[in-house]
file run_37.txt (compact mmCIF, C-alpha atoms and all ligand atoms)
# COMPACT_ATOMS: atom_id res chain seq x y z
CA MET N 180 0.00 0.00 0.00
CA ASN N 181 1.34 3.43 -0.94
CA VAL N 182 1.07 5.97 1.85
CA LEU N 183 1.78 8.86 -0.47
CA GLU N 184 1.47 9.26 -4.22
CA VAL N 185 2.43 12.53 -5.81
CA LYS N 186 1.64 12.91 -9.50
CA ASP N 187 3.05 15.64 -11.75
CA LEU N 188 3.07 18.22 -8.99
CA GLY N 189 4.04 21.75 -9.95
CA ILE N 190 3.96 25.29 -8.59
CA ASN N 191 4.61 28.74 -10.02
CA PHE N 192 5.70 31.73 -8.00
CA GLY N 193 5.05 34.56 -10.46
CA GLY N 194 7.38 33.76 -13.34
CA LEU N 195 9.36 31.14 -11.39
CA ARG N 196 8.50 27.49 -11.90
CA ALA N 197 9.78 26.37 -8.48
CA VAL N 198 8.66 22.71 -8.82
CA ASP N 199 7.85 20.98 -12.09
CA HIS N 200 6.37 17.52 -12.85
CA PHE N 201 7.35 16.18 -9.46
CA ASN N 202 6.47 12.52 -8.90
CA LEU N 203 6.95 10.51 -5.74
CA THR N 204 5.63 7.30 -4.22
CA ILE N 205 6.24 6.40 -0.59
CA LYS N 206 5.36 2.95 0.71
CA LYS N 207 4.17 2.09 4.20
CA GLY N 208 7.06 2.15 6.67
CA GLU N 209 9.52 3.49 4.12
CA LEU N 210 12.31 5.93 4.97
CA TYR N 211 12.68 8.11 1.89
CA GLY N 212 15.22 10.84 1.15
CA LEU N 213 14.70 14.08 -0.78
CA ILE N 214 17.94 15.82 -1.67
CA GLY N 215 19.19 18.52 -4.01
CA PRO N 216 21.23 21.72 -4.06
CA ASN N 217 20.05 24.92 -2.33
CA GLY N 218 16.94 26.39 -3.94
CA ALA N 219 16.08 23.12 -5.74
CA GLY N 220 12.49 23.18 -4.41
CA LYS N 221 12.65 20.66 -1.55
CA THR N 222 10.97 22.80 1.12
CA THR N 223 8.43 23.96 -1.46
CA VAL N 224 7.45 20.29 -1.96
CA PHE N 225 6.90 19.98 1.82
CA ASN N 226 4.86 23.19 1.79
CA MET N 227 2.59 21.74 -0.89
CA LEU N 228 2.27 18.38 0.89
CA THR N 229 1.21 20.12 4.11
CA GLY N 230 -1.21 22.63 2.54
CA VAL N 231 0.93 25.75 3.10
CA TYR N 232 1.01 26.32 -0.68
CA ALA N 233 -1.70 25.23 -3.11
CA PRO N 234 -0.07 23.41 -6.05
CA SER N 235 -0.51 25.03 -9.47
CA ASP N 236 -0.94 21.57 -10.99
CA GLY N 237 -0.72 17.87 -10.18
CA LYS N 238 -2.17 15.62 -7.51
CA ILE N 239 -1.29 14.62 -3.96
CA LEU N 240 -2.85 11.39 -2.74
CA LEU N 241 -2.55 10.40 0.91
CA GLN N 242 -3.56 6.77 1.29
CA GLY N 243 -5.43 7.17 -1.98
CA LYS N 244 -7.32 10.30 -0.89
CA ASN N 245 -6.76 13.51 -2.83
CA ILE N 246 -5.56 16.18 -0.38
CA ASN N 247 -4.94 19.00 -2.88
CA ASN N 248 -6.24 22.30 -1.59
CA LEU N 249 -7.10 21.06 1.89
CA SER N 250 -6.10 23.29 4.82
CA CYS N 251 -2.93 22.65 6.86
CA HIS N 252 -5.13 21.71 9.80
CA LYS N 253 -7.16 19.17 7.83
CA ILE N 254 -3.99 17.62 6.33
CA SER N 255 -2.50 17.35 9.82
CA GLN N 256 -5.67 15.58 11.00
CA LEU N 257 -5.44 13.20 8.03
CA GLY N 258 -1.95 12.19 9.11
CA ILE N 259 0.90 14.32 7.74
CA ALA N 260 3.17 15.94 10.34
CA ARG N 261 6.34 17.93 9.77
CA THR N 262 9.30 19.67 11.28
CA PHE N 263 10.77 22.89 9.90
CA GLN N 264 14.12 23.88 8.41
CA ASN N 265 14.37 26.54 11.12
CA ILE N 266 13.35 25.20 14.52
CA ARG N 267 9.82 26.24 15.49
CA LEU N 268 9.22 25.40 19.13
CA PHE N 269 7.28 27.26 21.80
CA LYS N 270 10.56 28.37 23.29
CA ASP N 271 9.19 29.70 26.59
CA LEU N 272 7.12 26.60 27.30
CA SER N 273 8.55 23.52 28.96
CA VAL N 274 9.69 20.53 26.96
CA ILE N 275 6.68 18.46 28.04
CA ASP N 276 4.20 21.27 27.27
CA ASN N 277 5.57 21.45 23.72
CA VAL N 278 4.66 17.79 23.26
CA LYS N 279 1.30 18.15 25.03
CA ILE N 280 0.25 20.78 22.50
CA GLY N 281 0.58 18.13 19.79
CA LEU N 282 -1.38 15.65 21.90
CA HIS N 283 -4.28 17.99 22.72
CA GLU N 284 -5.26 17.82 19.06
CA ARG N 285 -6.24 14.18 19.59
CA TYR N 286 -7.74 14.35 23.08
CA LYS N 287 -10.94 16.29 22.90
CA TYR N 288 -12.87 17.27 26.00
CA ASN N 289 -15.86 19.53 26.09
CA LEU N 290 -16.08 23.02 27.51
CA VAL N 291 -18.13 21.93 30.52
CA ASP N 292 -15.45 19.39 31.52
CA SER N 293 -12.68 21.95 31.32
CA LEU N 294 -14.61 24.76 33.03
CA LEU N 295 -15.92 22.61 35.87
CA ARG N 296 -12.68 20.64 36.12
CA THR N 297 -14.62 17.39 36.19
CA LYS N 298 -13.13 13.98 36.98
CA ARG N 299 -13.12 13.28 33.25
CA TYR N 300 -11.00 16.41 32.73
CA PHE N 301 -8.41 15.30 35.28
CA ASN N 302 -8.33 11.76 33.87
CA LEU N 303 -7.69 13.08 30.38
CA GLU N 304 -5.01 15.48 31.61
CA GLN N 305 -3.28 12.56 33.31
CA GLN N 306 -3.49 10.47 30.15
CA ILE N 307 -1.98 13.32 28.13
CA GLU N 308 0.81 13.77 30.70
CA ASP N 309 1.58 10.02 30.61
CA GLU N 310 1.63 9.82 26.84
CA ALA N 311 3.83 12.93 26.56
CA MET N 312 6.28 11.42 29.02
CA GLU N 313 6.39 8.13 27.08
CA LEU N 314 7.19 10.04 23.91
CA LEU N 315 9.93 12.02 25.63
CA GLU N 316 11.45 8.76 26.89
CA VAL N 317 11.84 7.50 23.31
CA PHE N 318 13.97 10.57 22.62
CA ARG N 319 15.69 10.41 26.00
CA LEU N 320 14.25 13.87 26.68
CA HIS N 321 12.26 12.90 29.79
CA THR N 322 14.90 14.20 32.18
CA TYR N 323 14.44 17.63 30.58
CA ALA N 324 10.61 17.50 30.80
CA ARG N 325 10.25 20.64 32.98
CA VAL N 326 13.06 22.60 31.33
CA LYS N 327 12.13 25.50 29.04
CA ALA N 328 12.53 24.45 25.39
CA CYS N 329 14.91 27.37 24.70
CA ASN N 330 17.31 26.07 27.37
CA LEU N 331 17.77 22.66 25.72
CA PRO N 332 21.00 21.96 23.85
CA TYR N 333 20.55 22.65 20.12
CA GLY N 334 20.51 19.00 19.02
CA LYS N 335 17.87 18.19 21.64
CA GLN N 336 15.66 21.06 20.44
CA ARG N 337 15.66 19.49 16.99
CA GLU N 338 14.70 16.13 18.50
CA LEU N 339 11.93 17.75 20.54
CA GLU N 340 10.44 19.07 17.33
CA ILE N 341 10.30 15.51 16.00
CA ALA N 342 8.71 14.30 19.25
CA ARG N 343 6.06 17.01 19.02
CA ALA N 344 5.33 16.13 15.39
CA LEU N 345 4.87 12.47 16.40
CA ALA N 346 2.37 13.43 19.09
CA THR N 347 -0.26 13.88 16.38
CA HIS N 348 0.17 10.17 15.44
CA PRO N 349 1.04 10.85 11.81
CA ILE N 350 1.14 8.21 9.10
CA LEU N 351 3.71 10.31 7.24
CA LEU N 352 6.40 12.37 8.95
CA LEU N 353 8.23 15.06 6.96
CA LEU N 354 11.61 16.15 8.32
CA ASP N 355 13.15 19.28 6.77
CA GLU N 356 16.92 19.22 7.30
CA PRO N 357 16.80 17.84 10.86
CA ALA N 358 20.61 17.71 11.08
CA ALA N 359 21.12 21.35 10.04
CA GLY N 360 23.53 23.04 12.43
CA MET N 361 24.30 19.83 14.35
CA ASN N 362 27.81 18.70 15.16
CA PRO N 363 28.92 15.21 13.99
CA GLN N 364 28.07 13.58 17.31
CA GLU N 365 24.58 15.13 17.39
CA THR N 366 24.07 14.03 13.78
CA GLN N 367 25.06 10.48 14.69
CA GLU N 368 22.58 10.48 17.59
CA LEU N 369 19.87 11.89 15.32
CA MET N 370 20.47 9.07 12.87
CA GLU N 371 19.81 6.53 15.64
CA VAL N 372 16.72 8.46 16.76
CA ILE N 373 15.24 8.47 13.24
CA LYS N 374 15.84 4.72 12.92
CA LYS N 375 14.19 4.19 16.30
CA VAL N 376 11.19 6.32 15.34
CA ARG N 377 10.63 4.24 12.24
CA LYS N 378 10.93 1.02 14.24
CA ASN N 379 8.76 2.05 17.21
CA PHE N 380 6.06 4.05 15.42
CA ASP N 381 3.86 3.00 12.55
CA VAL N 382 5.08 5.83 10.36
CA SER N 383 6.66 6.48 6.96
CA ILE N 384 9.32 9.19 6.82
CA LEU N 385 10.29 11.65 4.09
CA LEU N 386 13.58 13.30 4.92
CA ILE N 387 15.18 16.40 3.37
CA GLU N 388 18.83 16.56 4.28
CA HIS N 389 22.13 17.96 3.08
CA ASP N 390 24.21 15.66 5.28
CA MET N 391 24.95 12.88 2.79
CA LYS N 392 26.22 10.47 5.40
CA LEU N 393 22.88 10.69 7.18
CA VAL N 394 20.79 10.32 4.02
CA MET N 395 22.88 7.49 2.60
CA GLY N 396 22.98 5.76 5.98
CA ILE N 397 19.24 5.53 6.62
CA CYS N 398 17.18 6.05 3.45
CA GLU N 399 16.05 3.13 1.32
CA ARG N 400 15.26 5.29 -1.70
CA ILE N 401 16.17 8.83 -2.63
CA THR N 402 14.84 11.42 -5.06
CA VAL N 403 17.21 14.11 -6.29
CA LEU N 404 15.71 17.49 -7.17
CA ASN N 405 17.53 20.07 -9.26
CA TYR N 406 16.04 23.40 -10.37
CA GLY N 407 12.58 22.13 -9.42
CA SER N 408 12.77 18.94 -11.51
CA VAL N 409 13.50 15.35 -10.56
CA LEU N 410 17.01 14.47 -11.67
CA LEU N 411 17.00 10.92 -10.41
CA CYS N 412 15.14 8.51 -8.20
CA GLY N 413 17.04 5.50 -6.87
CA THR N 414 18.83 3.65 -4.12
CA PRO N 415 21.64 5.43 -2.21
CA GLU N 416 24.23 3.53 -4.32
CA GLU N 417 22.59 4.57 -7.59
CA VAL N 418 22.45 8.18 -6.43
CA VAL N 419 26.07 8.58 -5.25
CA ASN N 420 27.41 7.02 -8.44
CA ASP N 421 25.28 9.01 -10.87
CA PRO N 422 27.32 11.47 -12.97
CA GLN N 423 24.38 13.91 -13.29
CA VAL N 424 23.97 14.05 -9.51
CA ILE N 425 27.68 14.59 -8.99
CA LYS N 426 27.57 17.41 -11.55
CA ALA N 427 24.51 19.04 -9.89
CA TYR N 428 26.31 19.12 -6.57
CA LEU N 429 29.85 19.89 -7.66
CA GLY N 430 29.27 21.81 -10.88
CA ASP N 431 31.25 21.22 -14.08
N1 LIG V 1 6.81 31.89 -1.25
C1 LIG V 1 7.69 31.98 -2.26
N2 LIG V 1 7.61 32.99 -3.18
C2 LIG V 1 8.49 33.09 -4.19
N3 LIG V 1 9.50 32.21 -4.41
C3 LIG V 1 9.63 31.21 -3.53
C4 LIG V 1 8.74 31.03 -2.41
N4 LIG V 1 9.13 29.92 -1.72
C5 LIG V 1 10.19 29.44 -2.37
N5 LIG V 1 10.50 30.19 -3.45
C6 LIG V 1 11.58 29.95 -4.40
O1 LIG V 1 11.44 28.60 -4.85
C7 LIG V 1 12.71 28.03 -5.05
C8 LIG V 1 12.83 26.77 -4.22
O2 LIG V 1 12.93 27.13 -2.85
P1 LIG V 1 12.97 26.06 -1.67
O3 LIG V 1 12.97 26.81 -0.40
O4 LIG V 1 11.90 25.06 -1.89
O5 LIG V 1 14.39 25.37 -1.92
P2 LIG V 1 15.12 24.23 -1.07
O6 LIG V 1 15.42 23.12 -2.02
O7 LIG V 1 14.36 23.91 0.14
O8 LIG V 1 16.51 24.95 -0.72
P3 LIG V 1 17.42 24.89 0.62
O9 LIG V 1 18.25 23.66 0.50
O10 LIG V 1 18.24 26.14 0.53
O11 LIG V 1 16.50 24.88 1.80
C9 LIG V 1 13.75 29.09 -4.70
O12 LIG V 1 14.13 29.74 -5.90
C10 LIG V 1 12.97 30.02 -3.80
O13 LIG V 1 13.49 31.32 -3.83
MG MG V 2 14.69 24.13 2.15

call {"tool": "encode", "arguments": {"input": "run_37.txt", "output": "C-alpha cells"}}
result
Amino acid sequence: MNVLEVKDLGINFGGLRAVDHFNLTIKKGELYGLIGPNGAGKTTVFNMLTGVYAPSDGKILLQGKNINNLSCHKISQLGIARTFQNIRLFKDLSVIDNVKIGLHERYKYNLVDSLLRTKRYFNLEQQIEDEAMELLEVFRLHTYARVKACNLPYGKQRELEIARALATHPILLLLDEPAAGMNPQETQELMEVIKKVRKNFDVSILLIEHDMKLVMGICERITVLNYGSVLLCGTPEEVVNDPQVIKAYLGD
C-alpha cells in the first residue's frame, strides 16, 4: 500500500516554476530521502504536501485520498506531520508542554469538563501527561521535561520538534533538514533516533537533508531534485554514483 502518491506536482511563484512535474511514491514504513542543491524546491514540496502552498498543478494522494487544496489543519488531521528547516518550538514553554500541544489535538474534551474541572477532565489530563512522558522517553528527553525548550542543547531542540510532530500520530512524517547546524556527534545520535522512530512508530518518513552520510545511511530510496525537476530517483548507491547528480552538486 502506498502511503503517499504525488503525480506531476508543480507550482509557479510569479514567473518562477519552483517545482515541475514532481512525482513521488512512498510505501508504508519506508524511509525516503529528498535531496538537491540549495533552492532546488525541496521545502516547497513539503509546503505543498502540508497545505501551506496550493499546487498550481498535479495531484497529492494520501492513502489514496486527494488532499490537494485542503487546509494545513485538515492535512495534519489526516496524518501528515512535519518539522521545519528553522526550529519552530514554543521556546518559553517547557519541553513536556511542547509535546502536550501536539497531543491535545487528539484528546478532545468539552467546555463543561474543562470549566468545571470534572473527573473526566483530570483523567484526560493525566493520560496526556503520561503519553507525553512516554514520547519524551523514546527521545531520551524525559529528564528535561520541565526545562524550558529554549534552554535545551541545540541538538535536543531538533529532537523535541520531531517528538512534538509524532504526538499527532502521523502516518507520514516530513523532516526538513533535521541535522542542520548539528555537530557530527549530534548528527550520529539523530540518525539513531530516526531509525528508532521508524521502528517504534507506525510511520513512513520523508527526509530532506544535506548531510549525505545521514541520508545514505538511513534512506532506502532517494529522489534528487535540481532546479525544481527530478534528476533521479534510486537507491543510495545509484544516487552517489550518478554522474548527473555529482555534476549538480559539484558543478562542471
Ligand atoms: N513563497 C515563495 N515565493 C516566491 N519564491 C519562492 C517562495 N518559496 C520558495 N521560493 C523559491 O522557490 C525556489 C525553491 O525554494 P525552496 O525553499 O523550496 O528550496 P530548497 O530546495 O528547500 O533549498 P534549501 O536547501 O536552501 O533549503 C527558490 O528559488 C525560492 O526562492
Ligand atoms: Mg529548504

call {"tool": "residues_near_ligand", "arguments": {"input": "run_37.txt", "ligand": "ligand LIG 1 (chain V)", "cutoff": "8 Å", "atoms": "only C-alpha atoms and all ligand atoms", "output": "PDB file with C-alpha atoms, in the frame of the given file"}}
result
ATOM      1  CA  PHE N 192       5.700  31.730  -8.000  1.00  0.00           C
ATOM      2  CA  GLY N 193       5.050  34.560 -10.460  1.00  0.00           C
ATOM      3  CA  LEU N 195       9.360  31.140 -11.390  1.00  0.00           C
ATOM      4  CA  ARG N 196       8.500  27.490 -11.900  1.00  0.00           C
ATOM      5  CA  ALA N 197       9.780  26.370  -8.480  1.00  0.00           C
ATOM      6  CA  VAL N 198       8.660  22.710  -8.820  1.00  0.00           C
ATOM      7  CA  ILE N 214      17.940  15.820  -1.670  1.00  0.00           C
ATOM      8  CA  GLY N 215      19.190  18.520  -4.010  1.00  0.00           C
ATOM      9  CA  PRO N 216      21.230  21.720  -4.060  1.00  0.00           C
ATOM     10  CA  ASN N 217      20.050  24.920  -2.330  1.00  0.00           C
ATOM     11  CA  GLY N 218      16.940  26.390  -3.940  1.00  0.00           C
ATOM     12  CA  ALA N 219      16.080  23.120  -5.740  1.00  0.00           C
ATOM     13  CA  GLY N 220      12.490  23.180  -4.410  1.00  0.00           C
ATOM     14  CA  LYS N 221      12.650  20.660  -1.550  1.00  0.00           C
ATOM     15  CA  THR N 222      10.970  22.800   1.120  1.00  0.00           C
ATOM     16  CA  THR N 223       8.430  23.960  -1.460  1.00  0.00           C
ATOM     17  CA  VAL N 224       7.450  20.290  -1.960  1.00  0.00           C
ATOM     18  CA  GLN N 264      14.120  23.880   8.410  1.00  0.00           C
ATOM     19  CA  GLU N 356      16.920  19.220   7.300  1.00  0.00           C
ATOM     20  CA  HIS N 389      22.130  17.960   3.080  1.00  0.00           C
ATOM     21  CA  LEU N 404      15.710  17.490  -7.170  1.00  0.00           C
ATOM     22  CA  TYR N 406      16.040  23.400 -10.370  1.00  0.00           C
ATOM     23  CA  GLY N 407      12.580  22.130  -9.420  1.00  0.00           C
TER      24      GLY N 407
END

call {"tool": "atom_distance", "arguments": {"input": "run_37.txt", "atom1": "atom CA of N:Glu310", "atom2": "atom CA of N:Lys279"}}
result
8.5 Å

call {"tool": "atom_distance", "arguments": {"input": "run_37.txt", "atom1": "atom CA of N:Gly334", "atom2": "atom CA of N:Glu308"}}
result
23.5 Å

call {"tool": "residues_near_point", "arguments": {"input": "run_37.txt", "point": "(16.9, 9.4, -3.0)", "cutoff": "8 Å", "atoms": "all atoms listed in the file", "output": "MDAnalysis selection string"}}
result
chainID N and resid 211:214 398:403 411:415 418

call {"tool": "write_last_selection", "arguments": {"input": "run_37.txt", "atoms": "C-alpha atoms", "output": "short mmCIF file (atom, residue, chain, number, x, y, z; two decimals), in the frame of the given file"}}
result
data_model
loop_
_atom_site.label_atom_id
_atom_site.label_comp_id
_atom_site.auth_asym_id
_atom_site.auth_seq_id
_atom_site.Cartn_x
_atom_site.Cartn_y
_atom_site.Cartn_z
CA TYR N 211 12.68 8.11 1.89
CA GLY N 212 15.22 10.84 1.15
CA LEU N 213 14.70 14.08 -0.78
CA ILE N 214 17.94 15.82 -1.67
CA CYS N 398 17.18 6.05 3.45
CA GLU N 399 16.05 3.13 1.32
CA ARG N 400 15.26 5.29 -1.70
CA ILE N 401 16.17 8.83 -2.63
CA THR N 402 14.84 11.42 -5.06
CA VAL N 403 17.21 14.11 -6.29
CA LEU N 411 17.00 10.92 -10.41
CA CYS N 412 15.14 8.51 -8.20
CA GLY N 413 17.04 5.50 -6.87
CA THR N 414 18.83 3.65 -4.12
CA PRO N 415 21.64 5.43 -2.21
CA VAL N 418 22.45 8.18 -6.43
#

call {"tool": "residues_around", "arguments": {"input": "run_37.txt", "residues": "N:Leu240", "least_positions_apart": "3", "cutoff": "10 Å", "atoms": "all atoms listed in the file", "output": "PyMOL selection string"}}
result
chain N and resi 181-186+204+228+243-247

call {"tool": "write_last_selection", "arguments": {"input": "run_37.txt", "atoms": "C-alpha atoms", "output": "tab-separated table (two decimals), keeping the file's coordinate frame"}}
result
chain	number	residue	atom	x	y	z
N	181	ASN	CA	1.34	3.43	-0.94
N	182	VAL	CA	1.07	5.97	1.85
N	183	LEU	CA	1.78	8.86	-0.47
N	184	GLU	CA	1.47	9.26	-4.22
N	185	VAL	CA	2.43	12.53	-5.81
N	186	LYS	CA	1.64	12.91	-9.50
N	204	THR	CA	5.63	7.30	-4.22
N	228	LEU	CA	2.27	18.38	0.89
N	243	GLY	CA	-5.43	7.17	-1.98
N	244	LYS	CA	-7.32	10.30	-0.89
N	245	ASN	CA	-6.76	13.51	-2.83
N	246	ILE	CA	-5.56	16.18	-0.38
N	247	ASN	CA	-4.94	19.00	-2.88

call {"tool": "residues_around", "arguments": {"input": "run_37.txt", "residues": "N:Val317", "least_positions_apart": "5", "cutoff": "10 Å", "atoms": "all atoms listed in the file", "output": "list of chain:residue names"}}
result
N:Met312, N:Ala342, N:Val372, N:Lys375, N:Val376, N:Asn379

call {"tool": "closest_residue", "arguments": {"input": "run_37.txt", "among": "N:Leu241, N:Ala324, N:Leu314, N:Cys329", "to": "N:Lys270", "atoms": "all atoms listed in the file"}}
result
N:Cys329

call {"tool": "closest_residue", "arguments": {"input": "run_37.txt", "among": "N:Glu417, N:Glu365, N:Asp381, N:Glu313", "to": "N:Leu210", "atoms": "only C-alpha atoms"}}
result
N:Asp381

call {"tool": "closest_residue", "arguments": {"input": "run_37.txt", "among": "N:Tyr333, N:Gly208, N:Pro363, N:Asn202", "to": "N:Lys378", "atoms": "all atoms listed in the file"}}
result
N:Gly208

call {"tool": "closest_residue", "arguments": {"input": "run_37.txt", "among": "N:Val409, N:Leu354, N:Ala260, N:Leu315", "to": "ligand MG 2 (chain V)", "atoms": "all atoms listed in the file"}}
result
N:Leu354

call {"tool": "residues_near_point", "arguments": {"input": "run_37.txt", "point": "(27.9, 12.2, -3.4)", "cutoff": "7 Å", "atoms": "only C-alpha atoms", "output": "JSON, numbers by chain"}}
result
{"N": [391, 419, 425]}

call {"tool": "write_last_selection", "arguments": {"input": "run_37.txt", "atoms": "C-alpha atoms", "output": "tab-separated table (two decimals), in the frame of the given file"}}
result
chain	number	residue	atom	x	y	z
N	391	MET	CA	24.95	12.88	2.79
N	419	VAL	CA	26.07	8.58	-5.25
N	425	ILE	CA	27.68	14.59	-8.99

call {"tool": "atom_distance", "arguments": {"input": "run_37.txt", "atom1": "atom CA of N:Ala328", "atom2": "atom CA of N:Gly281"}}
result
14.6 Å

call {"tool": "closest_residue", "arguments": {"input": "run_37.txt", "among": "N:Asp355, N:Asp276, N:Asp187, N:Glu368", "to": "N:His321", "atoms": "all atoms listed in the file"}}
result
N:Asp276

call {"tool": "closest_residue", "arguments": {"input": "run_37.txt", "among": "N:Cys251, N:Tyr232, N:Gly237, N:Phe318", "to": "N:Leu203", "atoms": "all atoms listed in the file"}}
result
N:Gly237

call {"tool": "residues_around", "arguments": {"input": "run_37.txt", "residues": "N:Ser255", "least_positions_apart": "4", "cutoff": "10 Å", "atoms": "all atoms listed in the file", "output": "PDB file with C-alpha atoms, in the frame of the given file"}}
result
ATOM      1  CA  THR N 229       1.210  20.120   4.110  1.00  0.00           C
ATOM      2  CA  GLY N 230      -1.210  22.630   2.540  1.00  0.00           C
ATOM      3  CA  LEU N 249      -7.100  21.060   1.890  1.00  0.00           C
ATOM      4  CA  SER N 250      -6.100  23.290   4.820  1.00  0.00           C
ATOM      5  CA  CYS N 251      -2.930  22.650   6.860  1.00  0.00           C
ATOM      6  CA  ILE N 259       0.900  14.320   7.740  1.00  0.00           C
ATOM      7  CA  ALA N 260       3.170  15.940  10.340  1.00  0.00           C
ATOM      8  CA  ARG N 261       6.340  17.930   9.770  1.00  0.00           C
ATOM      9  CA  GLU N 284      -5.260  17.820  19.060  1.00  0.00           C
ATOM     10  CA  ALA N 344       5.330  16.130  15.390  1.00  0.00           C
ATOM     11  CA  THR N 347      -0.260  13.880  16.380  1.00  0.00           C
ATOM     12  CA  HIS N 348       0.170  10.170  15.440  1.00  0.00           C
ATOM     13  CA  PRO N 349       1.040  10.850  11.810  1.00  0.00           C
ATOM     14  CA  ILE N 350       1.140   8.210   9.100  1.00  0.00           C
ATOM     15  CA  LEU N 351       3.710  10.310   7.240  1.00  0.00           C
TER      16      LEU N 351
END

call {"tool": "axis_aligned_box", "arguments": {"input": "run_37.txt", "around": "stretch 353-370 of chain N", "padding_each_side": "3 Å", "output": "AutoDock Vina command-line options"}}
result
--center_x 18.6 --center_y 16.1 --center_z 12.2 --size_x 26.7 --size_y 20.0 --size_z 16.8

call {"tool": "decode", "arguments": {"input": "run_37.txt", "residues": "stretch 255-261 of chain N", "atoms": "all heavy atoms", "output": "PDB file, in the first residue's frame"}}
result
ATOM      1  N   SER N 255      -3.093  17.847   8.576  1.00  0.00           N
ATOM      2  CA  SER N 255      -2.496  17.346   9.819  1.00  0.00           C
ATOM      3  C   SER N 255      -3.418  16.286  10.443  1.00  0.00           C
ATOM      4  O   SER N 255      -2.966  15.227  10.868  1.00  0.00           O
ATOM      5  CB  SER N 255      -2.254  18.528  10.760  1.00  0.00           C
ATOM      6  OG  SER N 255      -2.223  18.103  12.075  1.00  0.00           O
ATOM      7  N   GLN N 256      -4.704  16.564  10.440  1.00  0.00           N
ATOM      8  CA  GLN N 256      -5.669  15.579  10.996  1.00  0.00           C
ATOM      9  C   GLN N 256      -5.676  14.283  10.184  1.00  0.00           C
ATOM     10  O   GLN N 256      -5.860  13.200  10.728  1.00  0.00           O
ATOM     11  CB  GLN N 256      -7.082  16.165  10.979  1.00  0.00           C
ATOM     12  CG  GLN N 256      -7.335  17.146  12.097  1.00  0.00           C
ATOM     13  CD  GLN N 256      -8.749  17.716  12.027  1.00  0.00           C
ATOM     14  OE1 GLN N 256      -9.372  17.735  10.961  1.00  0.00           O
ATOM     15  NE2 GLN N 256      -9.246  18.194  13.147  1.00  0.00           N
ATOM     16  N   LEU N 257      -5.438  14.403   8.878  1.00  0.00           N
ATOM     17  CA  LEU N 257      -5.444  13.198   8.034  1.00  0.00           C
ATOM     18  C   LEU N 257      -4.141  12.402   8.162  1.00  0.00           C
ATOM     19  O   LEU N 257      -4.039  11.288   7.671  1.00  0.00           O
ATOM     20  CB  LEU N 257      -5.673  13.577   6.567  1.00  0.00           C
ATOM     21  CG  LEU N 257      -7.087  14.036   6.224  1.00  0.00           C
ATOM     22  CD1 LEU N 257      -7.168  14.534   4.783  1.00  0.00           C
ATOM     23  CD2 LEU N 257      -8.092  12.903   6.434  1.00  0.00           C
ATOM     24  N   GLY N 258      -3.121  13.012   8.795  1.00  0.00           N
ATOM     25  CA  GLY N 258      -1.952  12.192   9.111  1.00  0.00           C
ATOM     26  C   GLY N 258      -0.608  12.613   8.572  1.00  0.00           C
ATOM     27  O   GLY N 258       0.332  11.815   8.564  1.00  0.00           O
ATOM     28  N   ILE N 259      -0.447  13.865   8.116  1.00  0.00           N
ATOM     29  CA  ILE N 259       0.903  14.316   7.742  1.00  0.00           C
ATOM     30  C   ILE N 259       1.393  15.294   8.806  1.00  0.00           C
ATOM     31  O   ILE N 259       0.710  16.264   9.135  1.00  0.00           O
ATOM     32  CB  ILE N 259       0.944  15.004   6.360  1.00  0.00           C
ATOM     33  CG1 ILE N 259       0.479  14.038   5.254  1.00  0.00           C
ATOM     34  CG2 ILE N 259       2.359  15.488   6.049  1.00  0.00           C
ATOM     35  CD1 ILE N 259       0.597  14.582   3.839  1.00  0.00           C
ATOM     36  N   ALA N 260       2.562  15.019   9.372  1.00  0.00           N
ATOM     37  CA  ALA N 260       3.172  15.936  10.342  1.00  0.00           C
ATOM     38  C   ALA N 260       4.545  16.323   9.829  1.00  0.00           C
ATOM     39  O   ALA N 260       5.151  15.586   9.045  1.00  0.00           O
ATOM     40  CB  ALA N 260       3.291  15.260  11.703  1.00  0.00           C
ATOM     41  N   ARG N 261       5.045  17.472  10.283  1.00  0.00           N
ATOM     42  CA  ARG N 261       6.339  17.928   9.765  1.00  0.00           C
ATOM     43  C   ARG N 261       7.162  18.631  10.833  1.00  0.00           C
ATOM     44  O   ARG N 261       6.639  19.072  11.855  1.00  0.00           O
ATOM     45  CB  ARG N 261       6.132  18.890   8.605  1.00  0.00           C
ATOM     46  CG  ARG N 261       5.729  20.280   9.074  1.00  0.00           C
ATOM     47  CD  ARG N 261       5.506  21.245   7.938  1.00  0.00           C
ATOM     48  NE  ARG N 261       6.736  21.629   7.275  1.00  0.00           N
ATOM     49  CZ  ARG N 261       6.793  22.549   6.309  1.00  0.00           C
ATOM     50  NH1 ARG N 261       5.686  23.156   5.894  1.00  0.00           N
ATOM     51  NH2 ARG N 261       7.932  22.868   5.761  1.00  0.00           N
TER      52      ARG N 261
END
